[in-house]
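**Q** Structure: work_10.cif, mmCIF, C-alpha atoms.
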data_work
#
loop_
_atom_site.label_atom_id
_atom_site.label_comp_id
_atom_site.auth_asym_id
_atom_site.auth_seq_id
_atom_site.Cartn_x
_atom_site.Cartn_y
_atom_site.Cartn_z
CA MET X 28 100.25 120.40 87.51
CA THR X 29 98.34 117.82 89.52
CA VAL X 30 95.25 115.74 89.11
CA GLU X 31 92.88 114.04 91.48
CA SER X 32 92.21 110.40 90.76
CA SER X 33 89.01 108.83 91.98
CA ALA X 34 90.52 105.42 92.66
CA ALA X 35 93.89 103.80 93.05
CA ARG X 36 95.72 103.54 89.74
CA GLY X 37 97.07 100.08 90.43
CA THR X 38 100.64 98.86 90.15
CA ARG X 39 102.72 100.93 87.72
CA ARG X 40 105.97 100.12 85.99
CA GLY X 41 108.87 102.50 85.89
CA GLY X 42 110.19 104.02 82.69
CA THR X 43 108.59 105.92 79.89
CA GLU X 44 105.49 103.76 79.58
CA THR X 45 103.94 104.48 82.94
CA GLY X 46 105.81 107.38 84.51
CA GLY X 47 107.06 105.34 87.47
CA ASP X 48 106.63 106.46 91.06
CA ALA X 49 107.82 110.01 90.51
CA GLY X 50 104.33 111.19 89.56
CA ARG X 51 102.77 109.83 92.70
CA THR X 52 105.47 111.32 94.91
CA ALA X 53 105.23 114.76 93.35
CA ARG X 54 101.46 114.59 93.32
CA ALA X 55 101.28 113.76 96.99
CA ALA X 56 103.69 116.56 97.84
CA GLU X 57 101.72 119.16 95.88
CA SER X 58 98.25 118.10 97.03
CA PRO X 59 96.69 120.53 99.50
CA LYS X 60 96.26 119.20 102.99
CA PRO X 61 92.65 118.75 104.03
CA ALA X 62 91.41 121.29 106.52
CA ARG X 63 91.08 120.00 110.05
CA ARG X 64 87.73 120.11 111.66
CA ALA X 65 87.51 122.52 114.53
CA THR X 66 86.68 120.66 117.72
CA ALA X 67 85.85 122.05 121.10
CA LYS X 68 87.55 120.22 123.95
CA ALA X 69 85.16 120.05 126.88
CA PRO X 70 86.58 119.33 130.32
CA ALA X 71 86.08 115.80 131.52
CA LYS X 72 83.24 115.45 133.97
CA THR X 73 82.47 112.62 136.28
CA ALA X 74 79.09 111.03 136.26
CA ALA X 75 78.36 112.51 139.64
CA LYS X 76 79.03 116.07 138.52
CA ALA X 77 77.20 115.78 135.19
CA PRO X 78 74.27 118.19 135.14
CA ALA X 79 70.83 116.70 135.03
CA ARG X 80 69.10 116.83 131.66
CA LYS X 81 66.17 119.13 131.38
CA ALA X 82 62.85 117.62 130.50
CA PRO X 83 61.76 118.51 126.98
CA ALA X 84 59.40 121.45 126.82
CA LYS X 85 55.83 120.67 125.94
CA ARG X 86 54.69 121.93 122.55
CA THR X 87 51.67 124.13 122.42
CA PRO X 88 49.19 123.47 119.60
CA ALA X 89 50.43 126.61 117.80
CA LYS X 90 54.07 125.51 118.00
CA ALA X 91 53.20 122.01 116.83
CA THR X 92 51.34 123.41 113.81
CA LYS X 93 54.28 125.67 112.95
CA ALA X 94 56.74 122.75 113.24
CA ALA X 95 54.59 120.58 110.99
CA LYS X 96 54.45 123.32 108.35
CA THR X 97 58.21 123.74 108.51
CA ALA X 98 58.79 120.00 108.07
CA LYS X 99 56.34 119.87 105.14
CA THR X 100 58.12 122.76 103.42
CA ALA X 101 61.48 121.04 103.87
CA ARG X 102 60.14 117.82 102.35
CA GLN X 103 58.75 119.67 99.34
CA ALA X 104 62.02 121.53 98.81
CA GLY X 105 64.00 118.29 98.79
CA PRO X 106 67.43 117.67 100.26
CA ALA X 107 69.63 120.68 100.76
CA ALA X 108 72.39 121.05 98.19
CA PRO X 109 75.84 120.38 99.60
CA ALA X 110 78.34 123.16 99.84
CA THR X 111 80.08 123.80 96.53
CA PRO X 112 83.54 122.15 96.70
CA ALA X 113 86.66 123.78 95.40
CA GLU X 114 87.25 123.27 91.69
CA PRO X 115 89.25 120.06 91.23
CA GLN X 116 92.69 120.29 89.71
CA LEU X 117 93.25 118.91 86.25
CA VAL X 118 96.14 117.65 84.17
CA GLN X 119 97.62 120.44 82.10
CA LEU X 120 100.83 120.48 80.09
CA LEU X 121 100.24 123.69 78.10
CA THR X 122 98.85 126.79 79.75
CA PRO X 123 96.30 128.93 77.86
CA GLU X 124 99.24 131.17 76.93
CA GLY X 125 101.07 128.21 75.36
CA LYS X 126 103.68 127.78 78.07
CA ARG X 127 104.87 124.22 78.71
CA VAL X 128 104.46 123.10 82.32
CA ALA X 129 105.71 119.91 83.95
CA ASP X 130 103.69 117.00 85.26
CA ALA X 131 105.72 114.16 86.74
CA GLU X 132 103.12 111.49 86.00
CA TYR X 133 102.20 112.35 82.43
CA ASP X 134 105.35 113.97 81.03
CA PRO X 135 106.85 110.55 80.13
CA TYR X 136 104.02 109.93 77.65
CA VAL X 137 104.98 112.98 75.56
CA ALA X 138 108.66 113.28 76.48
CA ASP X 139 109.83 112.15 73.05
CA ILE X 140 107.37 114.20 70.98
CA THR X 141 109.12 116.01 68.13
CA PRO X 142 108.51 119.48 66.66
CA GLU X 143 107.21 117.76 63.55
CA GLU X 144 104.64 115.86 65.62
CA LEU X 145 103.60 119.06 67.37
CA ARG X 146 103.05 120.69 63.99
CA GLY X 147 101.06 117.62 63.02
CA LEU X 148 98.75 118.06 66.02
CA TYR X 149 98.29 121.70 65.09
CA ARG X 150 97.51 120.78 61.48
CA ASP X 151 94.97 118.18 62.63
CA MET X 152 93.11 120.75 64.71
CA VAL X 153 93.13 123.45 62.03
CA LEU X 154 91.86 121.12 59.29
CA THR X 155 89.24 119.61 61.57
CA ARG X 156 87.93 123.06 62.46
CA ARG X 157 87.86 124.07 58.78
CA PHE X 158 85.92 120.95 57.86
CA ASP X 159 83.50 121.58 60.72
CA ALA X 160 82.93 125.17 59.60
CA GLU X 161 82.26 124.01 56.03
CA ALA X 162 79.73 121.44 57.25
CA THR X 163 77.92 124.10 59.27
CA SER X 164 77.76 126.36 56.20
CA LEU X 165 76.45 123.49 54.07
CA GLN X 166 73.64 122.89 56.53
CA ARG X 167 72.71 126.58 56.48
CA GLN X 168 72.59 126.37 52.68
CA GLY X 169 70.16 123.45 52.83
CA GLU X 170 72.69 120.82 51.73
CA LEU X 171 72.58 118.95 55.06
CA GLY X 172 69.62 118.22 57.27
CA LEU X 173 71.53 118.72 60.52
CA TRP X 174 75.06 119.14 61.82
CA ALA X 175 76.65 118.76 65.26
CA SER X 176 79.65 121.09 65.52
CA LEU X 177 82.80 120.33 67.50
CA LEU X 178 83.96 123.96 67.66
CA GLY X 179 86.15 124.34 70.76
CA GLN X 180 86.65 120.61 71.31
CA GLU X 181 89.42 120.03 68.77
CA ALA X 182 92.16 119.44 71.34
CA ALA X 183 90.17 116.81 73.23
CA GLN X 184 89.43 114.88 70.04
CA ILE X 185 92.78 115.20 68.26
CA GLY X 186 94.81 114.55 71.40
CA SER X 187 92.85 111.42 72.34
CA GLY X 188 92.53 110.26 68.73
CA ARG X 189 96.28 110.42 68.11
CA ALA X 190 96.84 108.43 71.31
CA THR X 191 95.16 105.35 69.83
CA ARG X 192 96.96 102.56 68.03
CA GLU X 193 95.90 101.20 64.65
CA ASP X 194 94.55 98.01 66.26
CA ASP X 195 92.50 99.86 68.88
CA TRP X 196 88.75 100.26 68.36
CA VAL X 197 86.87 103.56 68.63
CA PHE X 198 83.17 103.93 69.46
CA PRO X 199 82.04 107.53 68.79
CA THR X 200 78.90 109.56 69.33
CA TYR X 201 77.88 111.91 66.50
CA ARG X 202 80.39 114.72 67.14
CA GLU X 203 83.78 112.97 66.94
CA HIS X 204 84.81 114.48 63.59
CA GLY X 205 88.35 115.06 64.86
CA VAL X 206 88.72 111.46 66.03
CA ALA X 207 87.41 110.26 62.67
CA TRP X 208 90.11 112.37 61.00
CA CYS X 209 92.76 110.72 63.17
CA ARG X 210 91.45 107.28 62.22
CA GLY X 211 91.66 108.05 58.49
CA VAL X 212 87.96 108.41 57.72
CA ASP X 213 87.40 110.72 54.74
CA PRO X 214 85.62 113.87 56.04
CA ALA X 215 83.21 113.79 53.10
CA ASN X 216 82.04 110.36 54.23
CA LEU X 217 80.92 111.80 57.56
CA LEU X 218 78.36 113.98 55.79
CA GLY X 219 76.37 111.31 53.95
CA MET X 220 74.25 110.47 56.99
CA PHE X 221 73.59 114.15 57.72
CA ARG X 222 72.56 114.64 54.08
CA GLY X 223 70.32 111.60 54.28
CA VAL X 224 71.88 109.57 51.48
CA ASN X 225 73.27 106.64 53.49
CA HIS X 226 73.22 105.00 56.89
CA GLY X 227 76.83 105.71 57.81
CA GLY X 228 79.18 106.25 54.95
CA TRP X 229 82.19 104.10 55.82
CA ASP X 230 83.15 100.55 56.71
CA PRO X 231 83.92 100.39 60.46
CA ASN X 232 86.26 97.45 59.92
CA SER X 233 88.52 99.47 57.62
CA ASN X 234 89.53 102.01 60.25
CA HIS X 235 88.41 100.35 63.50
CA PHE X 236 86.08 103.34 63.83
CA GLN X 237 82.45 102.48 64.44
CA LEU X 238 79.57 104.36 62.81
CA TYR X 239 78.22 107.48 64.49
CA THR X 240 75.70 106.74 67.25
CA ILE X 241 72.68 109.02 67.57
CA VAL X 242 71.15 107.19 70.56
CA ILE X 243 72.68 108.88 73.59
CA GLY X 244 75.07 106.66 75.53
CA SER X 245 74.39 103.33 73.82
CA GLN X 246 77.89 103.19 72.29
CA THR X 247 79.45 102.80 75.74
CA LEU X 248 77.73 99.42 76.07
CA HIS X 249 78.86 98.42 72.58
CA ALA X 250 82.43 99.42 73.47
CA THR X 251 82.33 97.50 76.74
CA GLY X 252 81.07 94.36 75.05
CA TYR X 253 83.74 94.59 72.39
CA ALA X 254 86.43 95.14 75.03
CA MET X 255 85.24 92.06 76.91
CA GLY X 256 85.60 90.13 73.65
CA ILE X 257 89.15 91.40 73.20
CA THR X 258 90.02 89.95 76.60
CA LYS X 259 88.65 86.56 75.63
CA ASP X 260 90.62 86.67 72.38
CA GLY X 261 93.82 87.37 74.29
CA ALA X 262 94.66 90.46 72.22
CA ASP X 263 96.54 93.41 73.72
CA SER X 264 94.55 96.13 71.91
CA ALA X 265 92.17 98.49 73.69
CA VAL X 266 88.84 100.23 73.14
CA ILE X 267 87.90 103.87 73.63
CA ALA X 268 84.30 105.11 73.88
CA TYR X 269 83.33 108.77 73.54
CA PHE X 270 80.34 110.46 75.14
CA GLY X 271 79.32 113.82 76.56
CA ASP X 272 78.50 115.16 79.99
CA GLY X 273 74.77 114.81 79.33
CA ALA X 274 75.16 111.16 78.38
CA SER X 275 76.74 110.47 81.77
CA SER X 276 73.21 110.58 83.21
CA GLN X 277 72.03 107.79 80.93
CA GLY X 278 71.45 104.32 82.31
CA ASP X 279 73.41 102.75 79.44
CA VAL X 280 76.56 104.60 80.47
CA ASN X 281 76.27 103.54 84.09
CA GLU X 282 75.61 99.94 83.06
CA ALA X 283 78.72 100.08 80.88
CA PHE X 284 80.71 101.30 83.87
CA THR X 285 79.44 98.38 85.94
CA PHE X 286 80.17 95.67 83.37
CA SER X 287 83.58 97.07 82.43
CA ALA X 288 84.66 97.18 86.07
CA VAL X 289 83.37 93.72 86.96
CA TYR X 290 84.95 92.11 83.89
CA ASN X 291 88.08 94.27 83.97
CA ALA X 292 87.51 95.24 80.36
CA PRO X 293 90.28 97.09 78.47
CA VAL X 294 88.18 100.17 77.72
CA VAL X 295 88.71 103.91 78.16
CA PHE X 296 85.62 106.04 78.67
CA PHE X 297 86.40 109.47 77.24
CA CYS X 298 83.87 112.05 78.39
CA GLN X 299 84.02 115.41 76.66
CA ASN X 300 82.51 117.65 79.30
CA ASN X 301 81.62 120.69 77.23
CA GLN X 302 79.45 121.86 80.16
CA TRP X 303 76.15 121.98 78.30
CA ALA X 304 73.90 118.99 77.57
CA ILE X 305 71.99 121.00 74.95
CA SER X 306 70.62 123.70 77.31
CA GLU X 307 71.21 121.86 80.59
CA PRO X 308 74.35 122.88 82.52
CA THR X 309 76.60 120.30 84.14
CA GLU X 310 75.53 121.23 87.66
CA LYS X 311 72.08 119.89 86.78
CA GLN X 312 73.68 116.56 85.82
CA THR X 313 75.86 115.84 88.83
CA ARG X 314 76.84 117.14 92.28
CA VAL X 315 80.44 115.94 91.96
CA PRO X 316 82.98 116.32 89.14
CA LEU X 317 82.22 113.71 86.52
CA TYR X 318 85.56 111.91 86.76
CA GLN X 319 84.91 111.18 90.45
CA ARG X 320 81.96 108.98 89.50
CA ALA X 321 84.42 106.28 88.46
CA SER X 322 85.32 105.57 92.09
CA GLY X 323 81.81 104.31 92.76
CA PHE X 324 82.29 101.65 90.10
CA GLY X 325 85.78 100.64 91.19
CA PHE X 326 88.12 102.11 88.58
CA PRO X 327 90.16 105.32 88.31
CA GLY X 328 89.04 108.61 86.86
CA VAL X 329 91.09 111.63 85.84
CA ARG X 330 90.21 115.15 84.73
CA VAL X 331 92.30 116.69 81.96
CA ASP X 332 92.32 120.15 80.44
CA GLY X 333 90.27 119.43 77.33
CA ASN X 334 91.66 122.49 75.54
CA ASP X 335 95.24 121.25 75.93
CA VAL X 336 95.99 118.85 73.08
CA LEU X 337 99.28 117.73 74.64
CA ALA X 338 97.66 116.83 77.97
CA CYS X 339 94.81 115.00 76.23
CA LEU X 340 97.37 113.01 74.25
CA ALA X 341 99.35 112.07 77.36
CA VAL X 342 96.40 111.19 79.58
CA THR X 343 94.73 109.06 76.91
CA LYS X 344 97.98 107.25 76.16
CA ALA X 345 98.32 106.44 79.86
CA ALA X 346 94.74 105.18 80.10
CA LEU X 347 95.06 103.02 76.98
CA ALA X 348 98.39 101.60 78.21
CA ARG X 349 96.74 100.72 81.51
CA ALA X 350 93.94 98.93 79.66
CA ARG X 351 96.40 96.95 77.56
CA ARG X 352 98.25 95.85 80.69
CA GLY X 353 95.03 94.22 81.91
CA GLU X 354 94.34 96.77 84.64
CA GLY X 355 90.80 97.54 83.49
CA PRO X 356 88.83 100.64 82.55
CA THR X 357 89.57 104.33 83.10
CA LEU X 358 87.26 107.34 82.95
CA VAL X 359 88.83 110.43 81.38
CA GLU X 360 86.93 113.68 81.76
CA ALA X 361 88.15 116.23 79.23
CA PHE X 362 87.06 119.55 80.70
CA THR X 363 86.33 121.73 77.67
CA TYR X 364 83.66 124.01 76.23
CA ARG X 365 81.24 123.84 73.32
CA MET X 366 81.78 127.22 71.68
CA GLY X 367 79.04 126.66 69.12
CA ALA X 368 75.49 125.38 69.26
CA HIS X 369 74.61 121.83 70.30
CA THR X 370 73.48 121.25 66.73
CA THR X 371 72.42 123.59 63.93
CA SER X 372 68.84 123.40 65.26
CA ASP X 373 69.91 124.87 68.61
CA ASP X 374 70.16 128.52 69.72
CA PRO X 375 72.68 128.75 72.60
CA THR X 376 72.03 132.48 73.10
CA ARG X 377 68.78 131.53 74.82
CA TYR X 378 70.46 129.81 77.75
CA ARG X 379 74.05 131.03 78.12
CA SER X 380 75.79 134.39 78.15
CA ASP X 381 78.22 135.99 75.70
CA ASP X 382 80.61 136.64 78.59
CA GLU X 383 80.86 132.91 79.26
CA ARG X 384 81.74 132.15 75.65
CA GLU X 385 84.26 134.98 75.47
CA SER X 386 86.06 133.73 78.56
CA TRP X 387 86.48 130.33 76.91
CA GLU X 388 87.54 131.78 73.58
CA ALA X 389 90.59 133.07 75.43
CA ARG X 390 91.49 129.40 76.06
CA ASP X 391 91.12 128.42 72.40
CA PRO X 392 92.98 125.10 71.90
CA ILE X 393 94.35 126.02 68.48
CA GLN X 394 95.69 129.40 69.53
CA ARG X 395 97.25 127.76 72.59
CA LEU X 396 99.34 125.34 70.55
CA ARG X 397 100.22 128.01 67.99
CA ALA X 398 101.58 130.23 70.75
CA HIS X 399 103.73 127.33 71.94
CA LEU X 400 105.02 126.56 68.44
CA GLU X 401 105.96 130.18 67.83
CA ALA X 402 107.57 130.65 71.24
CA GLU X 403 109.71 127.53 70.79
CA GLY X 404 110.58 128.31 67.17
CA HIS X 405 108.94 125.08 65.97
CA ALA X 406 106.95 126.71 63.16
CA ASP X 407 107.42 129.71 60.90
CA GLU X 408 105.05 131.89 58.92
CA ALA X 409 105.50 129.75 55.81
CA PHE X 410 104.08 126.76 57.70
CA PHE X 411 100.97 128.65 58.81
CA THR X 412 100.42 130.12 55.33
CA ALA X 413 100.67 126.73 53.64
CA LEU X 414 98.28 125.25 56.20
CA GLU X 415 95.75 127.98 55.55
CA GLU X 416 95.83 127.15 51.84
CA GLU X 417 95.44 123.45 52.63
CA SER X 418 92.44 124.10 54.84
CA GLU X 419 90.71 126.13 52.12
CA ALA X 420 91.34 123.33 49.64
CA LEU X 421 89.78 120.87 52.09
CA GLY X 422 86.70 123.08 52.40
CA ARG X 423 86.28 123.20 48.61
CA ARG X 424 86.72 119.44 48.27
CA VAL X 425 84.13 118.69 50.94
CA ARG X 426 81.67 121.18 49.47
CA GLU X 427 81.97 119.67 45.99
CA ALA X 428 81.73 116.11 47.32
CA VAL X 429 78.51 116.80 49.22
CA ARG X 430 76.80 118.45 46.28
CA ALA X 431 77.80 115.55 44.03
CA MET X 432 76.32 112.88 46.32
CA PRO X 433 73.62 110.98 44.40
CA ASP X 434 70.14 110.65 45.83
CA PRO X 435 69.62 107.16 47.20
CA ASP X 436 67.18 104.67 45.71
CA PRO X 437 64.04 104.90 47.90
CA MET X 438 63.69 101.13 47.78
CA ALA X 439 67.13 100.71 49.39
CA MET X 440 65.65 101.23 52.84
CA PHE X 441 64.32 97.68 52.74
CA GLU X 442 67.70 96.13 51.98
CA HIS X 443 69.96 94.61 54.66
CA THR X 444 67.18 94.62 57.24
CA TYR X 445 67.15 90.85 57.75
CA ALA X 446 69.85 88.49 56.53
CA ASP X 447 67.35 85.89 55.27
CA GLY X 448 64.42 88.13 54.45
CA HIS X 449 61.18 88.68 56.36
CA ALA X 450 57.56 88.38 55.30
CA LEU X 451 56.53 91.70 56.85
CA VAL X 452 59.43 93.57 55.20
CA ASP X 453 58.52 91.98 51.87
CA GLU X 454 54.94 93.16 52.30
CA GLU X 455 56.04 96.69 53.17
CA ARG X 456 58.41 96.74 50.18
CA ALA X 457 55.58 95.78 47.81
CA GLU X 458 53.26 98.44 49.25
CA PHE X 459 55.92 101.13 48.99
CA ALA X 460 56.77 100.11 45.41
CA ALA X 461 53.10 100.47 44.46
CA TYR X 462 52.98 103.85 46.14
CA GLN X 463 56.04 105.02 44.16
CA ALA X 464 54.55 103.69 40.93
CA SER X 465 51.38 105.71 41.52
CA PHE X 466 53.36 108.92 40.95
CA GLU X 467 54.67 107.60 37.64
CA ASP X 468 51.14 106.70 36.57
CA ALA X 469 49.96 110.20 37.49
CA ASP X 470 52.71 111.75 35.36
CA VAL X 471 51.78 109.59 32.39
CA THR X 472 48.09 110.41 32.81
CA GLY X 473 48.84 114.11 33.06
CA LYS X 474 50.89 114.07 29.88
CA ALA X 475 48.25 112.09 28.02
CA ASN X 476 45.57 114.64 28.91
#
Let me see the structure of the file written as structure tokens.
**A**
Amino acid sequence: MTVESSAARGTRRGGTETGGDAGRTARAAESPKPARRATAKAPAKTAAKAPARKAPAKRTPAKATKAAKTAKTARQAGPAAPATPAEPQLVQLLTPEGKRVADAEYDPYVADITPEELRGLYRDMVLTRRFDAEATSLQRQGELGLWASLLGQEAAQIGSGRATREDDWVFPTYREHGVAWCRGVDPANLLGMFRGVNHGGWDPNSNHFQLYTIVIGSQTLHATGYAMGITKDGADSAVIAYFGDGASSQGDVNEAFTFSAVYNAPVVFFCQNNQWAISEPTEKQTRVPLYQRASGFGFPGVRVDGNDVLACLAVTKAALARARRGEGPTLVEAFTYRMGAHTTSDDPTRYRSDDERESWEARDPIQRLRAHLEAEGHADEAFFTALEEESEALGRRVREAVRAMPDPDPMAMFEHTYADGHALVDEERAEFAAYQASFEDADVTGKAN
């Protein structure tokens, strides 16, 4: 398969790390030729034989009024939408039926993958989906205040997450449960914030996985700044920042693009385009495919099949390798679909059709890899049965862990606000303590009466 890049990829080395020149040669050969514009060849005329131009006709008052109304209507309607371009090609290594297809540029990044590693990717996706389903159920039971499901996006997250090295840094949004799994964060720790018992639940320094970010797009600036620091330190690690198609319209994201390009920061921007920014479709966000935006900032962009875990692994490996070589940022657009609601407070049936969801269910990332494993004889029924038992055990463990979480001390909200304390915070703490004590006094008074 082929992919359109929005900017030159820079100098590449041969061998398994970069794919050499074979990818570019094959890609150029397979790319469709642009259609030629039809031009009418008029016979050459001499100045003497050129017909005289007619004088412009005078407008009558009625015609002038009609023209003014037409111009006013056009201004109110805004600029005409451009013709819809053909759907861009994307990197794909596994078809929806699970058939392995070749890609000269990205095959080298997964050429040495073993059957055991393929089973590992499948296990990652299954367990992540089971955890996600349990979290959704817990919210419906009143155990969590909110939950953002990743249903349908497992391949994009597991593929990109497994492409990172231990010394790389990850800056997530609030939906990267699969990436957190790849980085070794305990799934139960992800739920503390959604239950309202802590401000994060894990130490970012332990796994090089930052806390979830609720503010849309701000993590891309954090990632860019950290990547700029890596350059100054002389390290060869890289940074990856996750965001969605809706966040691509945020100013923070575009500022991050600008800074990362200007300072040649070793950062990969991984956009999971699940096609719905809550209830807003992608066509309301942009008039061009998202990955093509990178060209305006001066770095390459690539679109990958976000439901193909193997392609996501290969493309992210390539982008991270490029960053480590000092060649700057890359925008990866993982073209996928959010099969569930935006969050548990959302009702997707109000703005999208069942037919649309059903068409994407046929491209399910887990079923795709399972079909490949079965066709190649890489997994038997015993493997799938054991994994099903493991996933149920994970669900039980998460459920028990959430229900056992202790309620936080209400006074803890005033801790760790300022390193050296603050007079206003001290005043607020005292007022809140008095407010809490008033309930205890009321209980004592009630009992005495």
**Q** Compare X:Thr240, X:Ser176, X:Gln119, X:Gln246 by their minimum atom-to-atom distance to His369 of chain X, counting only C-alpha atoms, and give me the closest one.
**A**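 Smallest separation from His369 of chain X among the options: X:Ser176.
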**Q** Near Val329 of chain X, counting only C-alpha atoms, which residues have an atom at most 12 Å away, once you skip same-chain residues fewer than 4 positions from it, shown as a PyMOL selection string?
**A** chain X and resi 29-36+115-119+133+295-298+316-322+333+338-339+341-343+345-346+356-362
**Q** Could you tell me which residues the PyMOL selection byres ((chain X and resi 140-143) around 10) returns for this structure, as a list of chain:residue names?
**A** X:Pro135, X:Tyr136, X:Val137, X:Ala138, X:Asp139, X:Glu144, X:Leu145, X:Arg146, X:Gly147, X:Leu148, X:Tyr149, X:Leu337, X:Leu400, X:Glu403, X:Gly404, X:His405, X:Ala406
**Q** Would you mind telling me which residue in X:Trp229, X:Phe236, X:Phe459, X:Trp387 lies nearest to Thr191 of chain X when using all atoms listed in the file?
**A**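 Checking each candidate against Thr191 of chain X, we get X:Phe236 as the closest.
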**Q** Neighbours of segment 207-213 of chain X within 8 Å (all atoms listed in the file; same-chain residues fewer than 2 positions away dropped), as a list in words?
**A** Asp151, Thr155, Ile185, Gly188, Arg189, Glu193, Glu203, His204, Gly205, Ala215, Asn216, Leu217, Trp229, Asn234, His235 and Phe236 of chain X
